[in-house]
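Enquirer: Coordinates in entry_0.txt, compact mmCIF, C-alpha atoms, are listed below.
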# COMPACT_ATOMS: atom_id res chain seq x y z
CA MET A 1 62.68 16.08 21.76
CA THR A 2 59.17 15.58 23.12
CA THR A 3 56.05 17.47 22.27
CA GLU A 4 53.87 18.38 25.18
CA ILE A 5 50.11 18.50 24.62
CA VAL A 6 48.41 21.17 26.65
CA PRO A 7 44.73 20.44 27.38
CA THR A 8 42.37 23.23 26.51
CA THR A 9 39.43 24.27 28.59
CA ASP A 10 35.96 25.14 27.38
CA ALA A 11 36.65 28.79 28.21
CA ALA A 12 39.38 28.89 25.56
CA GLN A 13 36.99 27.60 22.88
CA PRO A 14 34.65 30.14 21.27
CA HIS A 15 31.05 29.46 22.21
CA GLU A 16 28.87 28.54 19.24
CA PRO A 17 25.13 29.06 19.41
CA PRO A 18 23.04 25.88 19.19
CA HIS A 19 22.23 24.78 15.69
CA ARG A 20 18.68 25.66 14.63
CA ASN A 21 18.08 22.42 12.76
CA ASP A 22 18.40 20.02 15.66
CA TRP A 23 17.77 16.39 14.68
CA ARG A 24 15.83 15.76 17.88
CA VAL A 25 13.23 18.37 16.96
CA LEU A 26 12.79 16.75 13.55
CA LEU A 27 12.54 13.32 15.17
CA VAL A 28 9.72 14.50 17.44
CA LEU A 29 7.98 16.25 14.54
CA PHE A 30 8.12 13.20 12.27
CA THR A 31 7.05 10.91 15.11
CA LEU A 32 4.00 13.06 15.83
CA ALA A 33 3.15 13.23 12.13
CA GLY A 34 3.44 9.44 11.86
CA VAL A 35 1.19 8.90 14.87
CA VAL A 36 -1.45 11.29 13.52
CA GLU A 37 -1.29 9.65 10.09
CA SER A 38 -1.62 6.16 11.58
CA GLN A 39 -4.61 7.20 13.65
CA ALA A 40 -6.24 8.91 10.68
CA PHE A 41 -5.89 5.84 8.46
CA GLY A 42 -7.04 3.58 11.28
CA HIS A 43 -10.08 5.77 11.82
CA LEU A 44 -10.79 5.79 8.10
CA GLN A 45 -10.53 2.01 7.82
CA ALA A 46 -12.60 1.42 10.95
CA PHE A 47 -15.56 3.38 9.63
CA THR A 48 -15.35 2.38 5.95
CA PRO A 49 -17.95 -0.42 6.33
CA LEU A 50 -20.46 2.02 7.84
CA PHE A 51 -19.83 4.53 5.09
CA LEU A 52 -20.25 1.87 2.40
CA GLN A 53 -23.60 0.90 3.92
CA GLN A 54 -24.68 4.54 3.69
CA LEU A 55 -23.75 4.42 0.00
CA HIS A 56 -26.18 1.47 -0.36
CA VAL A 57 -23.50 -1.09 -1.14
CA PRO A 58 -25.02 -4.57 -0.65
CA LEU A 59 -24.09 -6.07 2.74
CA ALA A 60 -22.46 -9.09 1.08
CA GLN A 61 -20.03 -6.81 -0.81
CA VAL A 62 -19.08 -4.50 2.11
CA PRO A 63 -16.16 -6.68 3.34
CA THR A 64 -14.81 -7.00 -0.21
CA TRP A 65 -14.92 -3.26 -0.86
CA THR A 66 -13.45 -2.50 2.57
CA GLY A 67 -10.46 -4.70 1.72
CA ILE A 68 -10.09 -3.21 -1.75
CA LEU A 69 -10.14 0.36 -0.42
CA ALA A 70 -7.66 -0.50 2.35
CA ALA A 71 -5.24 -2.10 -0.13
CA LEU A 72 -5.72 0.61 -2.73
CA GLN A 73 -4.08 3.29 -0.60
CA PHE A 74 -0.88 1.22 -0.48
CA VAL A 75 -1.04 0.22 -4.14
CA ILE A 76 -1.29 3.88 -5.16
CA GLY A 77 1.03 5.28 -2.50
CA LEU A 78 3.96 2.89 -2.78
CA PRO A 79 4.95 3.66 -6.40
CA LEU A 80 4.68 7.40 -5.66
CA LEU A 81 7.29 7.34 -2.87
CA PRO A 82 10.31 8.03 -5.14
CA PHE A 83 8.54 11.04 -6.63
CA TRP A 84 8.31 12.71 -3.20
CA GLY A 85 12.10 12.70 -3.03
CA ILE A 86 12.45 14.01 -6.57
CA TRP A 87 9.91 16.75 -5.86
CA ALA A 88 11.72 17.72 -2.66
CA ASP A 89 15.03 17.91 -4.53
CA LEU A 90 13.53 20.03 -7.31
CA THR A 91 11.84 22.52 -5.00
CA ASN A 92 14.68 22.87 -2.50
CA LEU A 93 17.58 23.87 -4.73
CA ARG A 94 17.85 27.30 -3.14
CA PRO A 95 21.14 27.97 -1.35
CA LEU A 96 20.89 28.15 2.43
CA PRO A 97 21.12 31.56 4.08
CA PRO A 98 24.46 32.06 5.85
CA ARG A 99 22.94 31.61 9.33
CA LEU A 100 21.64 28.11 8.43
CA ARG A 101 24.76 26.79 6.74
CA PRO A 102 26.54 24.06 8.69
As a first step, turn the structure in this file into structure tokens.

Expert:
Amino acid sequence: MTTEIVPTTDAAQPHEPPHRNDWRVLLVLFTLAGVVESQAFGHLQAFTPLFLQQLHVPLAQVPTWTGILAALQFVIGLPLLPFWGIWADLTNLRPLPPRLRP
């Protein structure tokens, strides 16, 4: 006894609407946000020496304070990374509406 497999066509399958949460849209969104953030920090770091001079920091100390301020954003930001995930988990415990469920 043999079992015959009948191929199905796309017409026999019910058509599902495209999923609203497409990963490609999120990829583009996060890429754009990363580019804007990188440019903002680059702009901030490029003009920090000029801003420090306007604050009347002695010229000999401007490079030191520029380095300290550039490193400080990473020193403060890096330990806070796990808390972003915790905060996201705590604020997003609502069940998904039926149209967004996978």

Enquirer: For a quick check of understanding, using only C-alpha atoms, which of A:Asp89, A:Pro49, A:Glu37, A:His43 has the smallest distance to Gln61 of chain A?

Expert: A:Pro49

Enquirer: Report the distance between atom CA of Val25 of chain A and atom CA of Phe83 of chain A in Å, rounded to one decimal place.

Expert: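 One can read the atom CA of Val25 of chain A to atom CA of Phe83 of chain A distance as 25.1 Å.
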
Enquirer: I'd like the interatomic distance between atom CA of Leu80 of chain A and atom CA of Ala46 of chain A, to a tenth of an Å.

Expert: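 Distance between the two atoms: 24.7 Å.
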
Enquirer: One decimal, Å: what's the distance from atom CA of Ala40 of chain A over to atom CA of Trp84 of chain A, could you say?

Expert: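 Separating atom CA of Ala40 of chain A from atom CA of Trp84 of chain A is a distance of 20.5 Å.
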
Enquirer: Hey, which of A:Leu90, A:Val62, A:Val28, A:Val75 ends up closest to Phe47 of chain A? Count all atoms listed in the file.

Expert: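 Smallest separation from Phe47 of chain A among the options: A:Val62.
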
Enquirer: Here's a test: counting only C-alpha atoms, identify every protein, DNA and RNA residue with an atom at most 7 Å from (-11.3, 0.1, 5.5) in the file's coordinate frame, and state them as a list in words.

Expert: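 Final list of nearby residues, as requested, is Leu44, Gln45, Ala46, Phe47, Thr48, Pro49, Thr66, Gly67, Leu69 and Ala70 of chain A.
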
Enquirer: Just write segment 17-41 of chain A with N, CA and C atoms, as a short mmCIF file (atom, residue, chain, number, x, y, z; two decimals), in the first residue's frame, taken from the block above.

Expert:
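Saved file selection38.cif follows:
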data_model
loop_
_atom_site.label_atom_id
_atom_site.label_comp_id
_atom_site.auth_asym_id
_atom_site.auth_seq_id
_atom_site.Cartn_x
_atom_site.Cartn_y
_atom_site.Cartn_z
N PRO A 17 -3.39 37.95 5.75
CA PRO A 17 -2.87 39.30 5.54
C PRO A 17 -1.45 39.41 6.07
N PRO A 18 -0.65 40.31 5.53
CA PRO A 18 0.73 40.46 6.03
C PRO A 18 0.73 40.87 7.49
N HIS A 19 1.71 40.37 8.20
CA HIS A 19 1.82 40.65 9.62
C HIS A 19 2.22 42.11 9.81
N ARG A 20 1.58 42.78 10.77
CA ARG A 20 1.84 44.21 10.98
C ARG A 20 3.22 44.47 11.55
N ASN A 21 3.74 43.57 12.35
CA ASN A 21 5.04 43.77 12.98
C ASN A 21 6.12 43.09 12.15
N ASP A 22 6.41 43.64 11.01
CA ASP A 22 7.41 43.07 10.12
C ASP A 22 8.80 43.41 10.66
N TRP A 23 9.68 42.43 10.70
CA TRP A 23 11.02 42.64 11.26
C TRP A 23 11.83 43.61 10.41
N ARG A 24 11.54 43.70 9.12
CA ARG A 24 12.30 44.61 8.27
C ARG A 24 12.00 46.07 8.60
N VAL A 25 10.77 46.36 8.96
CA VAL A 25 10.41 47.71 9.36
C VAL A 25 11.14 48.09 10.65
N LEU A 26 11.19 47.16 11.59
CA LEU A 26 11.91 47.43 12.83
C LEU A 26 13.41 47.58 12.59
N LEU A 27 13.95 46.80 11.67
CA LEU A 27 15.37 46.91 11.34
C LEU A 27 15.69 48.29 10.78
N VAL A 28 14.86 48.78 9.88
CA VAL A 28 15.07 50.12 9.31
C VAL A 28 14.92 51.18 10.39
N LEU A 29 13.92 51.03 11.24
CA LEU A 29 13.69 52.00 12.31
C LEU A 29 14.87 52.06 13.27
N PHE A 30 15.36 50.90 13.71
CA PHE A 30 16.49 50.87 14.64
C PHE A 30 17.78 51.34 13.98
N THR A 31 17.94 51.06 12.69
CA THR A 31 19.12 51.54 11.97
C THR A 31 19.12 53.05 11.89
N LEU A 32 17.97 53.63 11.55
CA LEU A 32 17.87 55.10 11.49
C LEU A 32 18.10 55.72 12.86
N ALA A 33 17.54 55.11 13.90
CA ALA A 33 17.74 55.65 15.25
C ALA A 33 19.22 55.56 15.64
N GLY A 34 19.89 54.47 15.28
CA GLY A 34 21.31 54.34 15.59
C GLY A 34 22.16 55.36 14.85
N VAL A 35 21.82 55.63 13.58
CA VAL A 35 22.57 56.63 12.81
C VAL A 35 22.38 58.02 13.41
N VAL A 36 21.15 58.36 13.75
CA VAL A 36 20.88 59.68 14.34
C VAL A 36 21.60 59.81 15.68
N GLU A 37 21.57 58.76 16.49
CA GLU A 37 22.26 58.80 17.79
C GLU A 37 23.76 58.95 17.61
N SER A 38 24.34 58.22 16.67
CA SER A 38 25.78 58.33 16.43
C SER A 38 26.17 59.72 15.96
N GLN A 39 25.36 60.29 15.08
CA GLN A 39 25.65 61.64 14.61
C GLN A 39 25.49 62.67 15.73
N ALA A 40 24.49 62.47 16.58
CA ALA A 40 24.28 63.42 17.68
C ALA A 40 25.46 63.38 18.66
N PHE A 41 25.91 62.17 19.02
CA PHE A 41 27.04 62.09 19.94
C PHE A 41 28.32 62.59 19.28
#
